[in-house]
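Working notes, beginning with the structure itself.
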Amino acid sequence: DLSNACNHRCPGCVGSKNVENEFIPFLEKDSVNNEMMPFERAKERINQFAEAGVKSMIFGGGGDPTMHPKLAELISYVKSKGIQIAVNTNGMRLLDKVMEAMVENCTWTRISIDADSPEMYKLTHGISEKKWALTINNISRLVKLKNDKKSKIVIGVTYLLGVNTKNGVYNAAVLAKKLKVDYIRFRPFFNWAGEKKWKQFDIDQIMSQLERCKQ
């Protein structure tokens, strides 16, 4: 992890909690945690990985890697050492230089959306509904840059399945297709704050929507 800082407040995520394991609500500022791995130390670690024969790395973690001010430079540095690099991110802080570095160097990236609408996004990511449009626009820009550069980067979006998101599965797939990403990944998540237990009709409803996604 390059940082434990995150600009989202996803319920259940360790990046949304303080050292006392208490949930920190979104306060319209970048992050509660602000620890960053120093640039030179990060490069030292990358050098060690290269010397050890590491083949691939992922920038992700309890924080979001886009919060690190030297992310673009570190992406390029990893690739220069002959190591494949990928990035997991919420996609809200994809600066131009970061997008350029990702398209030129990354094997793949996955962007967490976990919603099909601003209202659901606020529920699952714990931030203002207005940020939904920013994230979706960033994904669109990244796909366009990939195509313009004729890059081979694989761009995917992810969607956590839960009682709070069960109604948005099909619409999220439609959105992913509209954005022209390479895939959407659905996987279950069972620990959102205040989430009710799964019931069979919830599972049946989700499976029904997944079947529609194949059409």
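Identifiers in this document derive from the order of the structure tokens: chains are assigned A, B, ..., residues are numbered from 1 separately in each chain, and ligands are numbered from 1 in order of occurrence.
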
Filtered DSSP result for region 42-176 of chain A, state alpha helix (DSSP H), as a short mmCIF file (atom, residue, chain, number, x, y, z; two decimals) with all heavy atoms, in the first residue's frame:
data_model
loop_
_atom_site.label_atom_id
_atom_site.label_comp_id
_atom_site.auth_asym_id
_atom_site.auth_seq_id
_atom_site.Cartn_x
_atom_site.Cartn_y
_atom_site.Cartn_z
N ALA A 42 9.48 4.06 -1.38
CA ALA A 42 8.70 3.24 -2.31
C ALA A 42 9.59 2.70 -3.42
O ALA A 42 9.48 1.53 -3.81
CB ALA A 42 7.55 4.06 -2.88
N LYS A 43 10.47 3.55 -3.94
CA LYS A 43 11.38 3.11 -4.99
C LYS A 43 12.33 2.03 -4.47
O LYS A 43 12.66 1.07 -5.19
CB LYS A 43 12.16 4.31 -5.53
CG LYS A 43 11.32 5.27 -6.35
CD LYS A 43 12.09 6.52 -6.75
CE LYS A 43 13.24 6.23 -7.67
NZ LYS A 43 13.94 7.47 -8.10
N GLU A 44 12.78 2.16 -3.22
CA GLU A 44 13.64 1.14 -2.63
C GLU A 44 12.93 -0.20 -2.57
O GLU A 44 13.52 -1.25 -2.88
CB GLU A 44 14.05 1.57 -1.22
CG GLU A 44 15.04 2.74 -1.17
CD GLU A 44 15.32 3.18 0.26
OE1 GLU A 44 14.87 2.47 1.20
OE2 GLU A 44 15.98 4.21 0.44
N ARG A 45 11.66 -0.17 -2.16
CA ARG A 45 10.89 -1.41 -2.09
C ARG A 45 10.73 -2.02 -3.48
O ARG A 45 10.84 -3.24 -3.66
CB ARG A 45 9.51 -1.14 -1.47
CG ARG A 45 9.55 -0.66 -0.04
CD ARG A 45 10.06 -1.75 0.91
NE ARG A 45 10.09 -1.26 2.28
CZ ARG A 45 11.15 -0.72 2.86
NH1 ARG A 45 12.28 -0.57 2.17
NH2 ARG A 45 11.11 -0.30 4.11
N ILE A 46 10.46 -1.20 -4.46
CA ILE A 46 10.31 -1.68 -5.83
C ILE A 46 11.61 -2.30 -6.33
O ILE A 46 11.60 -3.36 -6.99
CB ILE A 46 9.85 -0.54 -6.75
CG1 ILE A 46 8.44 -0.08 -6.36
CG2 ILE A 46 9.88 -0.97 -8.22
CD1 ILE A 46 8.03 1.25 -6.97
N ASN A 47 12.72 -1.67 -6.00
CA ASN A 47 14.04 -2.23 -6.36
C ASN A 47 14.24 -3.60 -5.73
O ASN A 47 14.75 -4.53 -6.38
CB ASN A 47 15.16 -1.29 -5.92
CG ASN A 47 15.19 0.01 -6.71
OD1 ASN A 47 14.66 0.08 -7.82
ND2 ASN A 47 15.80 1.04 -6.14
N GLN A 48 13.84 -3.73 -4.48
CA GLN A 48 13.97 -5.01 -3.79
C GLN A 48 13.11 -6.08 -4.45
O GLN A 48 13.54 -7.23 -4.61
CB GLN A 48 13.59 -4.85 -2.31
CG GLN A 48 14.56 -4.01 -1.50
CD GLN A 48 14.06 -3.72 -0.10
OE1 GLN A 48 12.90 -3.93 0.21
NE2 GLN A 48 14.96 -3.23 0.75
N PHE A 49 11.89 -5.69 -4.83
CA PHE A 49 10.99 -6.65 -5.49
C PHE A 49 11.59 -7.11 -6.82
O PHE A 49 11.53 -8.29 -7.17
CB PHE A 49 9.62 -6.02 -5.74
CG PHE A 49 8.87 -5.68 -4.48
CD1 PHE A 49 7.96 -4.64 -4.46
CD2 PHE A 49 9.06 -6.41 -3.31
CE1 PHE A 49 7.26 -4.32 -3.31
CE2 PHE A 49 8.37 -6.09 -2.15
CZ PHE A 49 7.46 -5.06 -2.15
N ALA A 50 12.16 -6.16 -7.56
CA ALA A 50 12.76 -6.49 -8.86
C ALA A 50 13.93 -7.45 -8.68
O ALA A 50 14.07 -8.44 -9.42
CB ALA A 50 13.20 -5.23 -9.57
N GLU A 51 14.76 -7.19 -7.68
CA GLU A 51 15.91 -8.04 -7.41
C GLU A 51 15.48 -9.45 -6.97
O GLU A 51 16.18 -10.44 -7.23
CB GLU A 51 16.79 -7.42 -6.33
CG GLU A 51 17.49 -6.13 -6.79
CD GLU A 51 18.18 -5.40 -5.65
OE1 GLU A 51 18.17 -5.93 -4.51
OE2 GLU A 51 18.73 -4.30 -5.89
N LEU A 71 1.99 8.90 -7.45
CA LEU A 71 1.50 7.65 -8.03
C LEU A 71 1.92 7.48 -9.48
O LEU A 71 2.39 6.41 -9.89
CB LEU A 71 -0.02 7.56 -7.92
CG LEU A 71 -0.65 6.34 -8.59
CD1 LEU A 71 -0.15 5.05 -7.96
CD2 LEU A 71 -2.18 6.41 -8.52
N ALA A 72 1.77 8.51 -10.29
CA ALA A 72 2.11 8.42 -11.71
C ALA A 72 3.57 8.02 -11.90
O ALA A 72 3.90 7.14 -12.70
CB ALA A 72 1.81 9.74 -12.41
N GLU A 73 4.45 8.67 -11.14
CA GLU A 73 5.88 8.38 -11.25
C GLU A 73 6.19 6.95 -10.80
O GLU A 73 7.04 6.27 -11.42
CB GLU A 73 6.67 9.37 -10.41
CG GLU A 73 6.66 10.80 -10.93
CD GLU A 73 5.46 11.62 -10.45
OE1 GLU A 73 4.50 11.02 -9.92
OE2 GLU A 73 5.51 12.85 -10.59
N LEU A 74 5.51 6.47 -9.77
CA LEU A 74 5.76 5.14 -9.26
C LEU A 74 5.24 4.06 -10.20
O LEU A 74 5.86 3.00 -10.34
CB LEU A 74 5.16 4.98 -7.87
CG LEU A 74 5.88 5.77 -6.77
CD1 LEU A 74 5.08 5.76 -5.47
CD2 LEU A 74 7.28 5.18 -6.54
N ILE A 75 4.12 4.33 -10.86
CA ILE A 75 3.62 3.39 -11.87
C ILE A 75 4.67 3.20 -12.97
O ILE A 75 5.00 2.07 -13.36
CB ILE A 75 2.29 3.89 -12.47
CG1 ILE A 75 1.16 3.78 -11.45
CG2 ILE A 75 1.94 3.10 -13.74
CD1 ILE A 75 -0.14 4.41 -11.90
N SER A 76 5.19 4.30 -13.45
CA SER A 76 6.20 4.24 -14.51
C SER A 76 7.48 3.56 -14.01
O SER A 76 8.12 2.81 -14.76
CB SER A 76 6.52 5.66 -15.01
OG SER A 76 5.38 6.28 -15.55
N TYR A 77 7.83 3.81 -12.76
CA TYR A 77 9.05 3.24 -12.21
C TYR A 77 8.95 1.72 -12.10
O TYR A 77 9.91 0.99 -12.41
CB TYR A 77 9.37 3.85 -10.85
CG TYR A 77 10.74 3.49 -10.34
CD1 TYR A 77 11.87 4.06 -10.90
CD2 TYR A 77 10.90 2.58 -9.30
CE1 TYR A 77 13.15 3.74 -10.45
CE2 TYR A 77 12.17 2.24 -8.84
CZ TYR A 77 13.28 2.83 -9.42
OH TYR A 77 14.54 2.49 -8.97
N VAL A 78 7.80 1.23 -11.66
CA VAL A 78 7.60 -0.21 -11.57
C VAL A 78 7.78 -0.86 -12.94
O VAL A 78 8.49 -1.86 -13.09
CB VAL A 78 6.19 -0.54 -11.01
CG1 VAL A 78 5.91 -2.04 -11.13
CG2 VAL A 78 6.07 -0.11 -9.55
N LYS A 79 7.15 -0.27 -13.95
CA LYS A 79 7.24 -0.82 -15.31
C LYS A 79 8.69 -0.79 -15.81
O LYS A 79 9.15 -1.73 -16.49
CB LYS A 79 6.34 -0.03 -16.24
CG LYS A 79 6.27 -0.59 -17.66
CD LYS A 79 5.61 -1.96 -17.68
CE LYS A 79 5.48 -2.49 -19.12
NZ LYS A 79 4.54 -1.68 -19.91
N SER A 80 9.43 0.25 -15.45
CA SER A 80 10.82 0.37 -15.90
C SER A 80 11.71 -0.72 -15.32
O SER A 80 12.79 -1.01 -15.86
CB SER A 80 11.38 1.75 -15.54
OG SER A 80 11.68 1.84 -14.16
N ASP A 96 -4.91 13.74 -14.68
CA ASP A 96 -4.48 13.51 -16.05
C ASP A 96 -3.16 12.74 -16.11
O ASP A 96 -3.00 11.80 -16.90
CB ASP A 96 -4.33 14.84 -16.80
CG ASP A 96 -5.68 15.49 -17.10
OD1 ASP A 96 -6.71 14.79 -17.01
OD2 ASP A 96 -5.69 16.69 -17.42
N LYS A 97 -2.20 13.13 -15.28
CA LYS A 97 -0.89 12.47 -15.32
C LYS A 97 -0.97 11.02 -14.85
O LYS A 97 -0.21 10.16 -15.30
CB LYS A 97 0.13 13.24 -14.49
CG LYS A 97 -0.13 13.28 -12.99
CD LYS A 97 1.00 14.00 -12.26
CE LYS A 97 0.81 13.97 -10.75
NZ LYS A 97 1.93 14.64 -10.05
N VAL A 98 -1.91 10.73 -13.94
CA VAL A 98 -2.10 9.37 -13.48
C VAL A 98 -2.72 8.52 -14.59
O VAL A 98 -2.31 7.38 -14.84
CB VAL A 98 -2.97 9.33 -12.21
CG1 VAL A 98 -3.34 7.89 -11.84
CG2 VAL A 98 -2.24 10.00 -11.05
N MET A 99 -3.72 9.08 -15.26
CA MET A 99 -4.32 8.36 -16.38
C MET A 99 -3.29 8.06 -17.46
O MET A 99 -3.26 6.95 -18.01
CB MET A 99 -5.47 9.19 -16.98
CG MET A 99 -6.72 9.24 -16.14
SD MET A 99 -8.10 9.92 -17.11
CE MET A 99 -9.36 10.04 -15.86
N GLU A 100 -2.46 9.03 -17.76
CA GLU A 100 -1.42 8.84 -18.78
C GLU A 100 -0.49 7.70 -18.36
O GLU A 100 -0.15 6.82 -19.17
CB GLU A 100 -0.61 10.12 -18.96
CG GLU A 100 -1.36 11.25 -19.64
CD GLU A 100 -1.36 11.12 -21.16
OE1 GLU A 100 -0.65 10.24 -21.67
OE2 GLU A 100 -2.06 11.90 -21.81
N ALA A 101 -0.06 7.70 -17.11
CA ALA A 101 0.84 6.66 -16.62
C ALA A 101 0.17 5.30 -16.64
O ALA A 101 0.81 4.28 -16.99
CB ALA A 101 1.30 7.00 -15.20
N MET A 102 -1.10 5.24 -16.28
CA MET A 102 -1.82 3.98 -16.27
C MET A 102 -1.95 3.41 -17.69
O MET A 102 -1.67 2.22 -17.92
CB MET A 102 -3.21 4.17 -15.65
CG MET A 102 -3.18 4.43 -14.16
SD MET A 102 -4.78 4.97 -13.49
CE MET A 102 -5.77 3.50 -13.73
N VAL A 103 -2.35 4.24 -18.62
CA VAL A 103 -2.56 3.79 -20.00
C VAL A 103 -1.24 3.35 -20.64
O VAL A 103 -1.20 2.39 -21.43
CB VAL A 103 -3.22 4.92 -20.82
CG1 VAL A 103 -3.13 4.65 -22.31
CG2 VAL A 103 -4.68 5.06 -20.41
N GLU A 104 -0.16 4.01 -20.28
CA GLU A 104 1.13 3.70 -20.89
C GLU A 104 1.84 2.52 -20.23
O GLU A 104 2.68 1.87 -20.87
CB GLU A 104 2.03 4.93 -20.82
CG GLU A 104 1.57 6.08 -21.71
CD GLU A 104 2.41 7.34 -21.54
OE1 GLU A 104 3.40 7.28 -20.76
OE2 GLU A 104 2.09 8.35 -22.17
N ASN A 105 1.48 2.22 -18.96
CA ASN A 105 2.27 1.23 -18.23
C ASN A 105 1.49 0.07 -17.61
O ASN A 105 2.06 -1.01 -17.41
CB ASN A 105 3.04 1.93 -17.10
CG ASN A 105 4.01 2.97 -17.61
OD1 ASN A 105 5.07 2.65 -18.12
ND2 ASN A 105 3.64 4.25 -17.46
N PRO A 118 -26.52 7.71 -8.47
CA PRO A 118 -25.93 8.56 -7.43
C PRO A 118 -26.41 8.20 -6.03
O PRO A 118 -25.64 8.24 -5.07
CB PRO A 118 -26.36 9.97 -7.83
CG PRO A 118 -26.64 9.88 -9.30
CD PRO A 118 -27.18 8.51 -9.53
N GLU A 119 -27.70 7.85 -5.94
CA GLU A 119 -28.27 7.54 -4.63
C GLU A 119 -27.64 6.29 -4.03
O GLU A 119 -27.30 6.25 -2.84
CB GLU A 119 -29.78 7.35 -4.76
CG GLU A 119 -30.55 8.60 -5.15
CD GLU A 119 -30.43 8.93 -6.64
OE1 GLU A 119 -30.07 8.03 -7.43
OE2 GLU A 119 -30.71 10.10 -7.01
N MET A 120 -27.47 5.25 -4.86
CA MET A 120 -26.85 4.02 -4.38
C MET A 120 -25.36 4.25 -4.08
O MET A 120 -24.82 3.68 -3.14
CB MET A 120 -27.03 2.89 -5.38
CG MET A 120 -26.59 1.53 -4.86
SD MET A 120 -26.85 0.18 -6.04
CE MET A 120 -28.65 0.09 -6.04
N TYR A 121 -24.72 5.09 -4.87
CA TYR A 121 -23.30 5.39 -4.68
C TYR A 121 -23.07 6.05 -3.32
O TYR A 121 -22.11 5.74 -2.62
CB TYR A 121 -22.85 6.32 -5.80
CG TYR A 121 -21.36 6.45 -5.98
CD1 TYR A 121 -20.56 5.35 -6.29
CD2 TYR A 121 -20.74 7.70 -5.87
CE1 TYR A 121 -19.20 5.48 -6.48
CE2 TYR A 121 -19.37 7.83 -6.08
CZ TYR A 121 -18.61 6.73 -6.38
OH TYR A 121 -17.26 6.86 -6.58
N LYS A 122 -23.98 6.95 -2.95
CA LYS A 122 -23.87 7.60 -1.64
C LYS A 122 -23.99 6.56 -0.52
O LYS A 122 -23.27 6.62 0.48
CB LYS A 122 -24.97 8.66 -1.49
CG LYS A 122 -24.94 9.38 -0.15
CD LYS A 122 -26.04 10.43 -0.07
CE LYS A 122 -26.01 11.15 1.26
NZ LYS A 122 -27.08 12.18 1.36
N LEU A 123 -24.85 5.58 -0.72
CA LEU A 123 -25.06 4.54 0.28
C LEU A 123 -23.85 3.62 0.40
O LEU A 123 -23.43 3.28 1.51
CB LEU A 123 -26.30 3.73 -0.08
CG LEU A 123 -26.67 2.57 0.84
CD1 LEU A 123 -27.07 3.09 2.21
CD2 LEU A 123 -27.80 1.75 0.22
N THR A 124 -23.28 3.22 -0.73
CA THR A 124 -22.20 2.23 -0.71
C THR A 124 -20.82 2.84 -0.52
O THR A 124 -19.92 2.17 0.00
CB THR A 124 -22.19 1.41 -2.01
OG1 THR A 124 -22.02 2.29 -3.14
CG2 THR A 124 -23.49 0.64 -2.17
N HIS A 125 -20.64 4.10 -0.93
CA HIS A 125 -19.32 4.71 -0.81
C HIS A 125 -19.26 5.82 0.24
O HIS A 125 -18.19 6.38 0.49
CB HIS A 125 -18.86 5.25 -2.17
CG HIS A 125 -18.32 4.17 -3.06
ND1 HIS A 125 -17.03 4.15 -3.53
CD2 HIS A 125 -18.90 3.05 -3.56
CE1 HIS A 125 -16.84 3.08 -4.28
NE2 HIS A 125 -17.97 2.39 -4.31
N LYS A 130 -23.00 13.86 -5.64
CA LYS A 130 -22.40 14.64 -6.74
C LYS A 130 -21.11 14.00 -7.24
O LYS A 130 -20.70 14.23 -8.39
CB LYS A 130 -22.12 16.07 -6.27
CG LYS A 130 -23.36 16.85 -5.88
CD LYS A 130 -23.00 18.23 -5.36
CE LYS A 130 -24.24 19.01 -4.94
NZ LYS A 130 -23.88 20.35 -4.39
N LYS A 131 -20.46 13.20 -6.40
CA LYS A 131 -19.20 12.58 -6.79
C LYS A 131 -19.40 11.44 -7.79
O LYS A 131 -18.45 11.03 -8.46
CB LYS A 131 -18.46 12.04 -5.56
CG LYS A 131 -18.20 13.09 -4.48
CD LYS A 131 -17.34 14.24 -4.99
CE LYS A 131 -17.02 15.22 -3.86
NZ LYS A 131 -16.22 16.37 -4.32
N TRP A 132 -20.60 10.94 -7.90
CA TRP A 132 -20.91 9.86 -8.85
C TRP A 132 -20.58 10.30 -10.28
O TRP A 132 -19.90 9.57 -11.02
CB TRP A 132 -22.37 9.48 -8.72
CG TRP A 132 -22.92 8.59 -9.81
CD1 TRP A 132 -23.73 8.97 -10.84
CD2 TRP A 132 -22.73 7.17 -9.96
NE1 TRP A 132 -24.05 7.89 -11.63
CE2 TRP A 132 -23.45 6.77 -11.11
CE3 TRP A 132 -22.02 6.22 -9.24
CZ2 TRP A 132 -23.49 5.45 -11.55
CZ3 TRP A 132 -22.05 4.90 -9.68
CH2 TRP A 132 -22.77 4.53 -10.81
N ALA A 133 -21.04 11.47 -10.66
CA ALA A 133 -20.81 11.96 -12.02
C ALA A 133 -19.32 12.14 -12.29
O ALA A 133 -18.85 11.86 -13.40
CB ALA A 133 -21.55 13.29 -12.23
N LEU A 134 -18.57 12.57 -11.28
CA LEU A 134 -17.13 12.75 -11.43
C LEU A 134 -16.45 11.42 -11.71
O LEU A 134 -15.61 11.31 -12.63
CB LEU A 134 -16.55 13.38 -10.17
CG LEU A 134 -15.02 13.51 -10.10
CD1 LEU A 134 -14.50 14.36 -11.25
CD2 LEU A 134 -14.61 14.10 -8.76
N THR A 135 -16.81 10.40 -10.95
CA THR A 135 -16.20 9.08 -11.13
C THR A 135 -16.55 8.49 -12.49
O THR A 135 -15.68 7.96 -13.19
CB THR A 135 -16.64 8.13 -10.01
OG1 THR A 135 -16.24 8.67 -8.74
CG2 THR A 135 -16.04 6.75 -10.19
N ILE A 136 -17.81 8.56 -12.87
CA ILE A 136 -18.24 8.02 -14.15
C ILE A 136 -17.54 8.74 -15.30
O ILE A 136 -17.11 8.12 -16.28
CB ILE A 136 -19.77 8.11 -14.30
CG1 ILE A 136 -20.46 7.25 -13.24
CG2 ILE A 136 -20.20 7.69 -15.71
CD1 ILE A 136 -20.06 5.79 -13.25
N ASN A 137 -17.40 10.05 -15.18
CA ASN A 137 -16.70 10.82 -16.21
C ASN A 137 -15.23 10.42 -16.29
O ASN A 137 -14.65 10.34 -17.39
CB ASN A 137 -16.83 12.31 -15.92
CG ASN A 137 -16.19 13.17 -17.00
OD1 ASN A 137 -16.55 13.10 -18.17
ND2 ASN A 137 -15.21 13.97 -16.62
N ASN A 138 -14.61 10.16 -15.15
CA ASN A 138 -13.21 9.73 -15.13
C ASN A 138 -13.04 8.39 -15.85
O ASN A 138 -12.06 8.19 -16.58
CB ASN A 138 -12.70 9.62 -13.70
CG ASN A 138 -12.35 10.96 -13.10
OD1 ASN A 138 -12.22 11.96 -13.81
ND2 ASN A 138 -12.21 11.01 -11.79
N ILE A 139 -13.97 7.48 -15.62
CA ILE A 139 -13.90 6.18 -16.31
C ILE A 139 -14.01 6.38 -17.82
O ILE A 139 -13.26 5.79 -18.60
CB ILE A 139 -15.02 5.24 -15.81
CG1 ILE A 139 -14.83 4.95 -14.33
CG2 ILE A 139 -15.03 3.95 -16.63
CD1 ILE A 139 -15.99 4.19 -13.70
N SER A 140 -14.94 7.22 -18.22
CA SER A 140 -15.14 7.51 -19.65
C SER A 140 -13.87 8.11 -20.27
O SER A 140 -13.45 7.73 -21.37
CB SER A 140 -16.32 8.45 -19.83
OG SER A 140 -16.54 8.74 -21.19
N ARG A 141 -13.25 9.04 -19.55
CA ARG A 141 -12.02 9.67 -20.03
C ARG A 141 -10.88 8.66 -20.14
O ARG A 141 -10.08 8.70 -21.08
CB ARG A 141 -11.61 10.81 -19.10
CG ARG A 141 -12.53 12.03 -19.17
CD ARG A 141 -12.19 13.03 -18.08
NE ARG A 141 -10.79 13.42 -18.13
CZ ARG A 141 -10.00 13.50 -17.06
NH1 ARG A 141 -10.47 13.22 -15.86
NH2 ARG A 141 -8.75 13.89 -17.17
N LEU A 142 -10.80 7.76 -19.16
CA LEU A 142 -9.75 6.75 -19.18
C LEU A 142 -9.91 5.81 -20.37
O LEU A 142 -8.92 5.46 -21.03
CB LEU A 142 -9.76 5.96 -17.87
CG LEU A 142 -8.64 4.94 -17.68
CD1 LEU A 142 -7.28 5.62 -17.67
CD2 LEU A 142 -8.86 4.14 -16.39
N VAL A 143 -11.13 5.40 -20.64
CA VAL A 143 -11.39 4.53 -21.79
C VAL A 143 -11.03 5.24 -23.09
O VAL A 143 -10.43 4.65 -23.99
CB VAL A 143 -12.86 4.07 -21.80
CG1 VAL A 143 -13.20 3.36 -23.11
CG2 VAL A 143 -13.15 3.16 -20.62
N LYS A 144 -11.40 6.51 -23.19
CA LYS A 144 -11.07 7.28 -24.39
C LYS A 144 -9.57 7.40 -24.58
O LYS A 144 -9.04 7.24 -25.70
CB LYS A 144 -11.70 8.67 -24.33
CG LYS A 144 -11.45 9.51 -25.58
CD LYS A 144 -12.10 10.88 -25.47
CE LYS A 144 -11.95 11.66 -26.78
NZ LYS A 144 -10.54 11.82 -27.21
N LEU A 145 -8.85 7.66 -23.49
CA LEU A 145 -7.40 7.78 -23.57
C LEU A 145 -6.77 6.46 -24.00
O LEU A 145 -5.83 6.43 -24.80
CB LEU A 145 -6.84 8.23 -22.22
CG LEU A 145 -5.34 8.52 -22.17
CD1 LEU A 145 -4.97 9.66 -23.13
CD2 LEU A 145 -4.91 8.87 -20.75
N LYS A 146 -7.29 5.36 -23.47
CA LYS A 146 -6.82 4.04 -23.87
C LYS A 146 -6.96 3.85 -25.37
O LYS A 146 -6.02 3.40 -26.05
CB LYS A 146 -7.62 2.95 -23.14
CG LYS A 146 -7.41 1.55 -23.70
CD LYS A 146 -8.38 0.55 -23.13
CE LYS A 146 -8.23 -0.79 -23.85
NZ LYS A 146 -9.09 -1.85 -23.27
N ASN A 147 -8.11 4.19 -25.90
CA ASN A 147 -8.36 4.03 -27.33
C ASN A 147 -7.50 4.97 -28.17
O ASN A 147 -6.98 4.58 -29.21
CB ASN A 147 -9.84 4.23 -27.63
CG ASN A 147 -10.72 3.16 -27.00
OD1 ASN A 147 -10.27 2.03 -26.79
ND2 ASN A 147 -11.95 3.49 -26.68
N ASP A 148 -7.36 6.20 -27.70
CA ASP A 148 -6.55 7.18 -28.44
C ASP A 148 -5.09 6.74 -28.51
O ASP A 148 -4.41 6.95 -29.52
CB ASP A 148 -6.64 8.56 -27.77
CG ASP A 148 -8.01 9.20 -27.94
OD1 ASP A 148 -8.79 8.73 -28.78
OD2 ASP A 148 -8.29 10.18 -27.22
N LYS A 149 -4.61 6.15 -27.41
CA LYS A 149 -3.21 5.72 -27.33
C LYS A 149 -3.00 4.31 -27.88
O LYS A 149 -1.87 3.82 -27.91
CB LYS A 149 -2.74 5.77 -25.88
CG LYS A 149 -2.77 7.15 -25.24
CD LYS A 149 -1.55 7.95 -25.64
CE LYS A 149 -1.46 9.25 -24.83
NZ LYS A 149 -0.25 10.02 -25.16
N VAL A 169 -28.04 -4.47 -10.15
CA VAL A 169 -27.12 -5.33 -10.89
C VAL A 169 -27.24 -5.13 -12.41
O VAL A 169 -26.25 -4.88 -13.10
CB VAL A 169 -27.36 -6.81 -10.53
CG1 VAL A 169 -26.55 -7.73 -11.43
CG2 VAL A 169 -27.00 -7.06 -9.06
N TYR A 170 -28.44 -5.27 -12.93
CA TYR A 170 -28.62 -5.17 -14.39
C TYR A 170 -28.26 -3.78 -14.89
O TYR A 170 -27.55 -3.63 -15.90
CB TYR A 170 -30.06 -5.51 -14.77
CG TYR A 170 -30.33 -5.36 -16.25
CD1 TYR A 170 -29.83 -6.30 -17.15
CD2 TYR A 170 -31.06 -4.28 -16.74
CE1 TYR A 170 -30.06 -6.16 -18.52
CE2 TYR A 170 -31.28 -4.14 -18.10
CZ TYR A 170 -30.78 -5.08 -18.98
OH TYR A 170 -31.01 -4.93 -20.34
N ASN A 171 -28.73 -2.75 -14.20
CA ASN A 171 -28.45 -1.38 -14.65
C ASN A 171 -26.95 -1.06 -14.59
O ASN A 171 -26.45 -0.31 -15.43
CB ASN A 171 -29.22 -0.38 -13.79
CG ASN A 171 -30.71 -0.39 -14.09
OD1 ASN A 171 -31.13 -0.80 -15.16
ND2 ASN A 171 -31.51 0.04 -13.12
N ALA A 172 -26.25 -1.64 -13.63
CA ALA A 172 -24.80 -1.44 -13.56
C ALA A 172 -24.11 -2.08 -14.75
O ALA A 172 -23.14 -1.53 -15.30
CB ALA A 172 -24.26 -2.01 -12.25
N ALA A 173 -24.59 -3.24 -15.17
CA ALA A 173 -24.03 -3.91 -16.34
C ALA A 173 -24.28 -3.09 -17.61
O ALA A 173 -23.41 -2.97 -18.47
CB ALA A 173 -24.62 -5.31 -16.49
N VAL A 174 -25.48 -2.53 -17.69
CA VAL A 174 -25.80 -1.66 -18.84
C VAL A 174 -24.88 -0.44 -18.85
O VAL A 174 -24.38 -0.03 -19.90
CB VAL A 174 -27.28 -1.22 -18.78
CG1 VAL A 174 -27.56 -0.14 -19.82
CG2 VAL A 174 -28.19 -2.41 -18.99
N LEU A 175 -24.64 0.13 -17.68
CA LEU A 175 -23.75 1.28 -17.57
C LEU A 175 -22.32 0.91 -18.00
O LEU A 175 -21.66 1.67 -18.72
CB LEU A 175 -23.73 1.79 -16.12
CG LEU A 175 -22.73 2.91 -15.81
CD1 LEU A 175 -23.04 4.16 -16.63
CD2 LEU A 175 -22.74 3.24 -14.31
N ALA A 176 -21.85 -0.25 -17.55
CA ALA A 176 -20.51 -0.70 -17.92
C ALA A 176 -20.38 -0.84 -19.44
O ALA A 176 -19.35 -0.46 -20.02
CB ALA A 176 -20.19 -2.03 -17.24
#

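Taking CA of Ser151 (chain A) and CA of Asn88 (chain A) as the two end points, the separation is 17.9 Å.
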
Seminar exercise, completed: Correct to one decimal, the distance CA of Ile127 (chain A)-CA of Arg212 (chain A) is 29.6 Å

Exercise. Given the choices A:Lys180, A:Lys55, A:Lys150, A:His68, which gets closest to Asn4 (chain A) if the distance is worked out from only C-alpha atoms?
Worked result: A:His68

For this session: Would you list the contacts of region 83-86 of chain A as number ranges by chain, taking every protein, DNA or RNA residue within 6 Å and counting only C-alpha atoms, but skipping same-chain residues closer than 2 positions in sequence?
Result: A: 55-58, 78-79, 81, 106-109

Would you write out those residues with C-alpha atoms, as a CSV table (one decimal), in the first residue's frame?
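Result file is again.csv:
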chain,number,residue,atom,x,y,z
A,55,LYS,CA,6.8,-10.5,-11.8
A,56,SER,CA,3.8,-8.2,-11.0
A,57,MET,CA,2.5,-5.7,-8.5
A,58,ILE,CA,-0.8,-4.1,-7.7
A,78,VAL,CA,7.6,-0.2,-11.6
A,79,LYS,CA,7.2,-0.8,-15.3
A,81,LYS,CA,12.0,-2.4,-13.6
A,106,CYS,CA,-0.5,-0.8,-16.5
A,107,THR,CA,-1.6,-4.2,-17.5
A,108,TRP,CA,-5.0,-3.6,-16.0
A,109,THR,CA,-7.0,-1.4,-13.6

Problem set entry | Point-to-point distance from CA of Arg41 (chain A) to CA of His8 (chain A), Å rounded to tenths |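 It comes out at 25.8 Å.
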
Problem set entry | DSSP strand (DSSP E or B) residues within chain A, listed as a count of residues only | 35

For this session: Would you mind listing what lies within 7 Å of region 110-114 of chain A as an MDAnalysis selection string, with only C-alpha atoms counted and same-chain residues fewer than 4 positions away left out?
Result: chainID A and resid 87:91 121 124 155:160

Exercise. Which neighbours of Met207 (chain A) fall inside 12 Å, counting only C-alpha atoms, when residues of the same chain fewer than 5 positions from it are skipped, and could you give them as a ChimeraX atom specification?
Worked result: /A:161,166-167,169-170,186,200-202,212-214

Exercise. Out of A:Ala115, A:Ile153, A:Met67, A:Cys13, which residue has the shortest atom-to-atom distance to Leu94 (chain A) when counting only C-alpha atoms?
Worked result: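 Using only C-alpha atoms, the shortest distance to Leu94 (chain A) belongs to A:Met67.
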
For this session: Determine, counting only C-alpha atoms, which protein, DNA and RNA residues have an atom within 7 Å of an atom of Asp64 (chain A); residues of the same chain fewer than 6 positions away are not included. Present the result as a list in words.
Result: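 Result of the neighbour search: Ser3, Ala5, Cys6 and Thr89 of chain A.
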